>>> print(open('protein-v3.pdb').read())   # PDB, C-alpha atoms
MODEL        1
ATOM      1  CA  MET A   1     -25.684  22.841 -40.350
ATOM      2  CA  LYS A   2     -25.474  25.765 -37.891
ATOM      3  CA  LYS A   3     -29.231  25.511 -37.279
ATOM      4  CA  VAL A   4     -28.932  21.818 -36.463
ATOM      5  CA  LEU A   5     -26.041  22.450 -34.058
ATOM      6  CA  SER A   6     -27.928  25.337 -32.453
ATOM      7  CA  LEU A   7     -31.026  23.194 -31.987
ATOM      8  CA  MET A   8     -28.951  20.374 -30.526
ATOM      9  CA  LEU A   9     -27.260  22.803 -28.126
ATOM     10  CA  ILE A  10     -30.610  24.253 -27.031
ATOM     11  CA  ALA A  11     -32.051  20.750 -26.592
ATOM     12  CA  SER A  12     -29.029  19.794 -24.474
ATOM     13  CA  PHE A  13     -29.517  22.814 -22.194
ATOM     14  CA  VAL A  14     -33.214  22.018 -21.808
ATOM     15  CA  PHE A  15     -32.407  18.378 -20.979
ATOM     16  CA  ILE A  16     -29.693  19.360 -18.461
ATOM     17  CA  GLY A  17     -31.986  21.965 -16.905
ATOM     18  CA  ALA A  18     -34.765  19.395 -16.512
ATOM     19  CA  ALA A  19     -32.351  16.958 -14.896
ATOM     20  CA  CYS A  20     -31.184  19.608 -12.439
ATOM     21  CA  THR A  21     -34.771  20.490 -11.562
ATOM     22  CA  ASN A  22     -35.589  16.839 -10.850
ATOM     23  CA  SER A  23     -32.525  16.454  -8.618
ATOM     24  CA  ASN A  24     -33.881  19.240  -6.398
ATOM     25  CA  ASP A  25     -37.070  17.236  -5.860
ATOM     26  CA  THR A  26     -35.277  14.788  -3.577
ATOM     27  CA  LYS A  27     -37.090  12.987  -0.830
ATOM     28  CA  LEU A  28     -36.593  14.197   2.714
ATOM     29  CA  SER A  29     -35.042  10.845   3.690
ATOM     30  CA  ASP A  30     -32.317  11.224   1.069
ATOM     31  CA  ASP A  31     -30.413  13.227   3.684
ATOM     32  CA  LEU A  32     -30.582  10.272   6.117
ATOM     33  CA  VAL A  33     -30.314   7.037   4.163
ATOM     34  CA  LEU A  34     -26.751   6.035   3.322
ATOM     35  CA  SER A  35     -25.437   3.209   1.168
ATOM     36  CA  SER A  36     -24.195   0.102   2.963
ATOM     37  CA  SER A  37     -20.654   0.628   1.632
ATOM     38  CA  VAL A  38     -20.553   4.170   3.053
ATOM     39  CA  VAL A  39     -21.844   2.918   6.410
ATOM     40  CA  LYS A  40     -19.437  -0.026   6.512
ATOM     41  CA  GLU A  41     -16.489   2.311   5.994
ATOM     42  CA  GLY A  42     -17.901   5.065   8.232
ATOM     43  CA  VAL A  43     -18.426   2.901  11.332
ATOM     44  CA  ARG A  44     -15.013   1.267  11.223
ATOM     45  CA  GLY A  45     -13.574   1.350  14.762
ATOM     46  CA  TRP A  46     -16.876   2.335  16.373
ATOM     47  CA  GLY A  47     -18.396   0.719  19.451
ATOM     48  CA  VAL A  48     -21.246  -1.788  19.269
ATOM     49  CA  TYR A  49     -24.483  -1.479  21.216
ATOM     50  CA  THR A  50     -26.722  -4.554  21.416
ATOM     51  CA  ASN A  51     -30.269  -4.627  22.742
ATOM     52  CA  PRO A  52     -31.143  -8.286  23.410
ATOM     53  CA  ALA A  53     -34.670  -7.537  24.639
ATOM     54  CA  TYR A  54     -35.764  -5.963  21.340
ATOM     55  CA  ARG A  55     -33.192  -7.764  19.204
ATOM     56  CA  TYR A  56     -31.230  -5.048  17.477
ATOM     57  CA  GLU A  57     -27.705  -3.760  17.360
ATOM     58  CA  LEU A  58     -26.007  -0.677  16.013
ATOM     59  CA  ARG A  59     -22.662   1.065  15.834
ATOM     60  CA  HIS A  60     -21.891   4.306  17.677
ATOM     61  CA  PRO A  61     -18.845   6.557  17.928
ATOM     62  CA  LYS A  62     -16.640   5.420  20.813
ATOM     63  CA  SER A  63     -16.781   8.958  22.205
ATOM     64  CA  TRP A  64     -20.560   8.638  22.636
ATOM     65  CA  SER A  65     -22.077   7.227  25.825
ATOM     66  CA  PRO A  66     -24.696   4.554  25.175
ATOM     67  CA  GLU A  67     -27.209   4.117  27.996
ATOM     68  CA  ASP A  68     -30.446   2.209  28.301
ATOM     69  CA  SER A  69     -33.326   1.525  30.637
ATOM     70  CA  GLY A  70     -31.874  -1.781  31.795
ATOM     71  CA  GLU A  71     -33.087  -5.324  31.224
ATOM     72  CA  ASP A  72     -36.421  -4.265  29.752
ATOM     73  CA  GLY A  73     -34.553  -2.603  26.842
ATOM     74  CA  LYS A  74     -37.433  -0.222  26.141
ATOM     75  CA  VAL A  75     -35.316   2.920  25.846
ATOM     76  CA  ALA A  76     -31.733   3.449  24.696
ATOM     77  CA  TRP A  77     -30.007   6.775  24.166
ATOM     78  CA  PHE A  78     -26.681   7.816  22.737
ATOM     79  CA  THR A  79     -25.016  10.998  23.954
ATOM     80  CA  PRO A  80     -21.901  12.590  22.445
ATOM     81  CA  ARG A  81     -19.135  13.315  24.963
ATOM     82  CA  GLY A  82     -19.593  16.722  26.539
ATOM     83  CA  ASN A  83     -23.306  16.966  25.658
ATOM     84  CA  GLN A  84     -26.143  16.909  28.169
ATOM     85  CA  VAL A  85     -28.719  15.912  25.560
ATOM     86  CA  PRO A  86     -28.576  12.655  23.597
ATOM     87  CA  ALA A  87     -28.203  12.883  19.825
ATOM     88  CA  VAL A  88     -30.285   9.715  19.292
ATOM     89  CA  ARG A  89     -32.926   7.998  21.404
ATOM     90  CA  ILE A  90     -34.558   4.650  20.582
ATOM     91  CA  LEU A  91     -37.926   3.619  21.993
ATOM     92  CA  SER A  92     -38.958  -0.031  21.680
ATOM     93  CA  HIS A  93     -42.490  -1.356  21.978
ATOM     94  CA  SER A  94     -43.496  -5.006  22.240
ATOM     95  CA  ASN A  95     -46.100  -5.946  19.650
ATOM     96  CA  TRP A  96     -46.138  -9.750  19.543
ATOM     97  CA  ARG A  97     -49.387 -10.039  21.494
ATOM     98  CA  GLU A  98     -51.322  -7.082  20.045
ATOM     99  CA  GLN A  99     -50.087  -7.407  16.450
ATOM    100  CA  TYR A 100     -50.845  -3.733  15.825
ATOM    101  CA  ASP A 101     -50.105  -2.158  12.503
ATOM    102  CA  LEU A 102     -48.733   1.386  12.774
ATOM    103  CA  GLN A 103     -52.194   2.938  12.442
ATOM    104  CA  ASN A 104     -53.521   0.981  15.444
ATOM    105  CA  PHE A 105     -50.303   1.505  17.389
ATOM    106  CA  TYR A 106     -50.485   5.287  17.068
ATOM    107  CA  GLN A 107     -54.192   5.392  17.914
ATOM    108  CA  ASN A 108     -53.152   4.068  21.332
ATOM    109  CA  GLN A 109     -50.382   6.662  21.807
ATOM    110  CA  SER A 110     -50.688  10.177  23.204
ATOM    111  CA  VAL A 111     -49.581  11.628  19.852
ATOM    112  CA  ASN A 112     -50.801   9.989  16.633
ATOM    113  CA  LEU A 113     -47.954  10.814  14.272
ATOM    114  CA  LEU A 114     -49.709   9.222  11.288
ATOM    115  CA  GLU A 115     -52.567  11.719  11.570
ATOM    116  CA  SER A 116     -50.399  14.686  12.535
ATOM    117  CA  GLU A 117     -49.490  17.735  10.492
ATOM    118  CA  TYR A 118     -45.821  16.778  10.493
ATOM    119  CA  LYS A 119     -44.138  16.249   7.166
ATOM    120  CA  GLN A 120     -43.834  12.498   6.707
ATOM    121  CA  GLU A 121     -42.493  10.053   4.179
ATOM    122  CA  GLU A 122     -41.661   6.396   3.780
ATOM    123  CA  ILE A 123     -38.139   5.316   4.661
ATOM    124  CA  GLU A 124     -36.230   2.029   4.796
ATOM    125  CA  ILE A 125     -33.734   1.317   7.570
ATOM    126  CA  GLY A 126     -32.124  -2.030   8.336
ATOM    127  CA  GLY A 127     -34.191  -3.724   5.646
ATOM    128  CA  PHE A 128     -37.509  -2.616   7.151
ATOM    129  CA  LYS A 129     -39.866  -0.006   5.790
ATOM    130  CA  GLY A 130     -41.299   2.652   8.019
ATOM    131  CA  TYR A 131     -41.987   6.364   8.215
ATOM    132  CA  ARG A 132     -39.997   9.468   9.010
ATOM    133  CA  PHE A 133     -41.745  12.399  10.688
ATOM    134  CA  GLU A 134     -39.891  15.698  10.517
ATOM    135  CA  GLN A 135     -39.333  17.929  13.563
ATOM    136  CA  VAL A 136     -41.849  16.403  15.991
ATOM    137  CA  LYS A 137     -42.285  18.821  18.884
ATOM    138  CA  GLU A 138     -44.498  16.778  21.252
ATOM    139  CA  ARG A 139     -41.689  14.300  21.860
ATOM    140  CA  ALA A 140     -39.189  16.937  23.057
ATOM    141  CA  GLN A 141     -38.200  16.591  26.696
ATOM    142  CA  GLY A 142     -37.293  20.151  27.609
ATOM    143  CA  ASP A 143     -33.623  20.033  26.617
ATOM    144  CA  TYR A 144     -34.399  20.169  22.896
ATOM    145  CA  ASP A 145     -37.150  21.659  20.737
ATOM    146  CA  ALA A 146     -37.957  18.827  18.340
ATOM    147  CA  ALA A 147     -36.722  15.548  16.899
ATOM    148  CA  ASP A 148     -37.154  13.697  13.653
ATOM    149  CA  VAL A 149     -38.878  10.393  14.425
ATOM    150  CA  ILE A 150     -38.386   7.244  12.375
ATOM    151  CA  VAL A 151     -40.857   4.461  13.143
ATOM    152  CA  LEU A 152     -40.341   0.893  11.956
ATOM    153  CA  ASP A 153     -42.928  -1.894  12.197
ATOM    154  CA  LEU A 154     -41.044  -5.169  12.731
ATOM    155  CA  VAL A 155     -44.285  -7.154  13.281
ATOM    156  CA  ASP A 156     -43.548  -8.389  16.813
ATOM    157  CA  ARG A 157     -42.055  -5.037  17.892
ATOM    158  CA  ILE A 158     -42.248  -1.420  16.892
ATOM    159  CA  ILE A 159     -39.081   0.656  17.021
ATOM    160  CA  GLU A 160     -39.082   4.462  17.137
ATOM    161  CA  VAL A 161     -35.795   6.274  16.569
ATOM    162  CA  GLU A 162     -35.676   9.916  17.620
ATOM    163  CA  LEU A 163     -32.962  11.884  15.869
ATOM    164  CA  ILE A 164     -32.480  14.831  18.169
ATOM    165  CA  GLU A 165     -29.264  15.976  16.546
ATOM    166  CA  ILE A 166     -28.878  15.163  12.871
ATOM    167  CA  ASN A 167     -25.232  15.059  11.858
ATOM    168  CA  GLU A 168     -22.902  12.634  10.100
ATOM    169  CA  ASP A 169     -22.438  10.465  13.212
ATOM    170  CA  SER A 170     -26.157  10.158  13.989
ATOM    171  CA  ARG A 171     -26.859   9.333  10.335
ATOM    172  CA  MET A 172     -24.213   6.574  10.448
ATOM    173  CA  LEU A 173     -25.654   5.249  13.711
ATOM    174  CA  LEU A 174     -29.172   5.131  12.223
ATOM    175  CA  ASN A 175     -28.004   3.361   9.077
ATOM    176  CA  SER A 176     -25.974   0.813  11.062
ATOM    177  CA  LEU A 177     -29.117  -0.556  12.731
ATOM    178  CA  LYS A 178     -29.422  -4.312  12.274
ATOM    179  CA  PHE A 179     -32.432  -6.253  13.499
ATOM    180  CA  TYR A 180     -32.441  -9.881  14.584
ATOM    181  CA  GLY A 181     -35.222 -12.105  13.275
ATOM    182  CA  ASN A 182     -38.786 -11.879  14.458
ATOM    183  CA  LYS A 183     -40.007 -14.439  16.946
ATOM    184  CA  THR A 184     -43.283 -16.195  16.509
ATOM    185  CA  VAL A 185     -45.758 -16.543  19.381
ATOM    186  CA  SER A 186     -44.830 -20.217  19.731
ATOM    187  CA  ASP A 187     -41.163 -19.215  20.206
ATOM    188  CA  LEU A 188     -42.102 -16.892  23.055
ATOM    189  CA  LYS A 189     -43.987 -19.462  25.169
TER     190      LYS A 189
ENDMDL
END
>>> encode(input="protein-v3.pdb", output="structure tokens")
Amino acid sequence: MKKVLSLMLIASFVFIGAACTNSNDTKLSDDLVLSSSVVKEGVRGWGVYTNPAYRYELRHPKSWSPEDSGEDGKVAWFTPRGNQVPAVRILSHSNWREQYDLQNFYQNQSVNLLESEYKQEEIEIGGFKGYRFEQVKERAQGDYDAADVIVLDLVDRIIEVELIEINEDSRMLLNSLKFYGNKTVSDLK
């Protein structure tokens, strides 16, 4: 009986040890992607930013200053009060005419993130799948060294989110992204 209990105890430790080892093999995006219930509670009382040109909205802390490039909606950035550098920057690219996939899109950019040495993985934000590239240096604009870049292909537009400062607020902002439906070419005429 003691041998059976000993074997069961050893088996339990092996099983628990294996489970702990697997939990350390988490994906990089596990530190960014939050459940919808956590986001819903976390953004309560936050401000709303809407970009009608590229059809998305998100929540941001009321103490953050949202700014954008104007009517074209190509760039939006969100800066915490007292900071000179934004924590999050969003770059929007029209794609309804070209219909690029991400491979073709990045071949036409100055830095092809898909063929770079940066650690990358698939990620899903706002119901769309894309990629996360860790600590991209070529995108830095002097005030910061690097940013994580999340790129989402929404068919008629490509959205790049630069996370310059990764903290609880920027994670909530990223996960609060909601995209309005895609337009077809006939809708745009």
>>> resolve_selection(input="protein-v3.pdb", expression="the PyMOL selection byres ((chain A and resi 118-121) around 6)", output="PyMOL selection string")
chain A and resi 116-117+122+131-134
>>> write_last_selection(input="protein-v3.pdb", atoms="C-alpha atoms", output="mmCIF file, in the frame of the given file")
data_model
loop_
_atom_site.group_PDB
_atom_site.id
_atom_site.type_symbol
_atom_site.label_atom_id
_atom_site.label_comp_id
_atom_site.auth_asym_id
_atom_site.auth_seq_id
_atom_site.Cartn_x
_atom_site.Cartn_y
_atom_site.Cartn_z
ATOM 1 C CA SER A 116 -50.399 14.686 12.535
ATOM 2 C CA GLU A 117 -49.490 17.735 10.492
ATOM 3 C CA GLU A 122 -41.661 6.396 3.780
ATOM 4 C CA TYR A 131 -41.987 6.364 8.215
ATOM 5 C CA ARG A 132 -39.997 9.468 9.010
ATOM 6 C CA PHE A 133 -41.745 12.399 10.688
ATOM 7 C CA GLU A 134 -39.891 15.698 10.517
#
>>> resolve_selection(input="protein-v3.pdb", expression="the PyMOL selection byres ((chain A and resi 74) around 10)", output="ChimeraX atom specification")
/A:51,53-54,68-73,75-76,90-94,159
>>> closest_residue(input="protein-v3.pdb", among="A:Gln107, A:Leu113, A:Tyr180, A:Met172", to="Glu41 in chain A", atoms="all atoms listed in the file")
A:Met172
>>> closest_residue(input="protein-v3.pdb", among="A:Lys129, A:Val151, A:Gly142, A:Arg55", to="Gln84 in chain A", atoms="only C-alpha atoms")
A:Gly142
>>> residues_near_point(input="protein-v3.pdb", point="(-19.1, 0.6, 9.7)", cutoff="10 Å", atoms="all atoms listed in the file", output="ChimeraX atom specification")
/A:36-47,58-60,172-173,175-176
>>> residues_around(input="protein-v3.pdb", residues="Trp64 in chain A", least_positions_apart="4", cutoff="10 Å", atoms="all atoms listed in the file", output="MDAnalysis selection string")
chainID A and resid 46:47 60 77:83 86:87 169
>>> atom_distance(input="protein-v3.pdb", atom1="CA of Val33 in chain A", atom2="CA of Ile123 in chain A")
8.0 Å
>>> atom_distance(input="protein-v3.pdb", atom1="CA of Val85 in chain A", atom2="CA of Tyr144 in chain A")
7.6 Å
>>> closest_residue(input="protein-v3.pdb", among="A:Gln135, A:Val88, A:Gly181, A:Trp96", to="Glu162 in chain A", atoms="all atoms listed in the file")
A:Val88
>>> atom_distance(input="protein-v3.pdb", atom1="CA of Ser110 in chain A", atom2="CA of Gln141 in chain A")
14.5 Å
>>> resolve_selection(input="protein-v3.pdb", expression="the PyMOL selection byres ((chain A and resi 99) around 12)", output="PDB file with C-alpha atoms, keeping the file's coordinate frame")
ATOM      1  CA  HIS A  93     -42.490  -1.356  21.978  1.00  0.00           C
ATOM      2  CA  SER A  94     -43.496  -5.006  22.240  1.00  0.00           C
ATOM      3  CA  ASN A  95     -46.100  -5.946  19.650  1.00  0.00           C
ATOM      4  CA  TRP A  96     -46.138  -9.750  19.543  1.00  0.00           C
ATOM      5  CA  ARG A  97     -49.387 -10.039  21.494  1.00  0.00           C
ATOM      6  CA  GLU A  98     -51.322  -7.082  20.045  1.00  0.00           C
ATOM      7  CA  TYR A 100     -50.845  -3.733  15.825  1.00  0.00           C
ATOM      8  CA  ASP A 101     -50.105  -2.158  12.503  1.00  0.00           C
ATOM      9  CA  LEU A 102     -48.733   1.386  12.774  1.00  0.00           C
ATOM     10  CA  GLN A 103     -52.194   2.938  12.442  1.00  0.00           C
ATOM     11  CA  ASN A 104     -53.521   0.981  15.444  1.00  0.00           C
ATOM     12  CA  PHE A 105     -50.303   1.505  17.389  1.00  0.00           C
ATOM     13  CA  ASP A 153     -42.928  -1.894  12.197  1.00  0.00           C
ATOM     14  CA  LEU A 154     -41.044  -5.169  12.731  1.00  0.00           C
ATOM     15  CA  VAL A 155     -44.285  -7.154  13.281  1.00  0.00           C
ATOM     16  CA  ASP A 156     -43.548  -8.389  16.813  1.00  0.00           C
ATOM     17  CA  ARG A 157     -42.055  -5.037  17.892  1.00  0.00           C
ATOM     18  CA  ILE A 158     -42.248  -1.420  16.892  1.00  0.00           C
ATOM     19  CA  THR A 184     -43.283 -16.195  16.509  1.00  0.00           C
ATOM     20  CA  VAL A 185     -45.758 -16.543  19.381  1.00  0.00           C
TER      21      VAL A 185
END
>>> closest_residue(input="protein-v3.pdb", among="A:Ile125, A:Leu177, A:Ile164, A:Leu114", to="Arg89 in chain A", atoms="all atoms listed in the file")
A:Ile164
>>> closest_residue(input="protein-v3.pdb", among="A:Ser65, A:Gln109, A:Ser35, A:Thr50", to="Gly126 in chain A", atoms="all atoms listed in the file")
A:Ser35
